[in-house]
Amino acid sequence: MTEVELVATALATGAAAGLTDTSRGVVHDLHAELREAVRRRLSGGGDGVRGGYGVRVLDAYETDPDVWRTRLLQVLASGLELDEEILGAARAVLRAERRKGHITAVVGR
């Protein structure tokens with residue numbers, strides 16, 4: 001998985017957890033941190049990807065990841081620096097979701 005795919009997957013995972021998890025737990029909080037880090041990076045420029053378009057794609061991806069995945073991958077890959085803040089936040093979302101899934105499976109038995 002590339003860094004761009006890692007971030008896109010974490011954004012989709014966190015959005016899905018937010019839609020189904022009424023407790024708004026750890027995954028939701030980590031997802032919010034990731035989303036805001038990406039949003040800050042995207043809004044750091046004027047026109048094009050680094051500006052309004054990139055933020056709109058990020059918002060649209062949250063509502064329908066299947067439709068907007070390709071565009072989000074393009075936005076993330078087009079010169080957006082995926083620094084350790086963003087990559088670390090993406091990894092944290094995926095780790096938390098795996099732990100949550102493991103706990104749910106064990107408790108649900």
# chains A, B, ... in the order shown; residues from 1 in each chain; ligands from 1
$ residues_around --residues "Leu87 (chain A)" --least-positions-apart "2" --cutoff "10 Å" --atoms "only C-alpha atoms" --output "count of residues only"
16
$ atom_distance --atom1 "CA of Leu58 (chain A)" --atom2 "CA of Ala32 (chain A)"
12.4 Å
$ closest_residue --among "A:Gly51, A:Leu11, A:Ser43, A:Arg95" --to "Arg69 (chain A)" --atoms "only C-alpha atoms"
A:Leu11
$ closest_residue --among "A:Ala15, A:Ala77, A:Leu72, A:Gly88" --to "Thr2 (chain A)" --atoms "only C-alpha atoms"
A:Ala77
$ residues_around --residues "Gly14 (chain A)" --least-positions-apart "5" --cutoff "7 Å" --atoms "only C-alpha atoms" --output "PyMOL selection string"
chain A and resi 27-28+31+93
$ closest_residue --among "A:Val57, A:Ala96, A:Ala16, A:Leu30" --to "Gln74 (chain A)" --atoms "only C-alpha atoms"
A:Val57
$ atom_distance --atom1 "CA of Leu80 (chain A)" --atom2 "CA of Glu5 (chain A)"
13.2 Å
$ closest_residue --among "A:Gly54, A:Val26, A:Ala8, A:Arg35" --to "Ser78 (chain A)" --atoms "only C-alpha atoms"
A:Gly54
$ closest_residue --among "A:Glu97, A:Asp59, A:Glu81, A:Asp29" --to "Thr9 (chain A)" --atoms "only C-alpha atoms"
A:Glu97
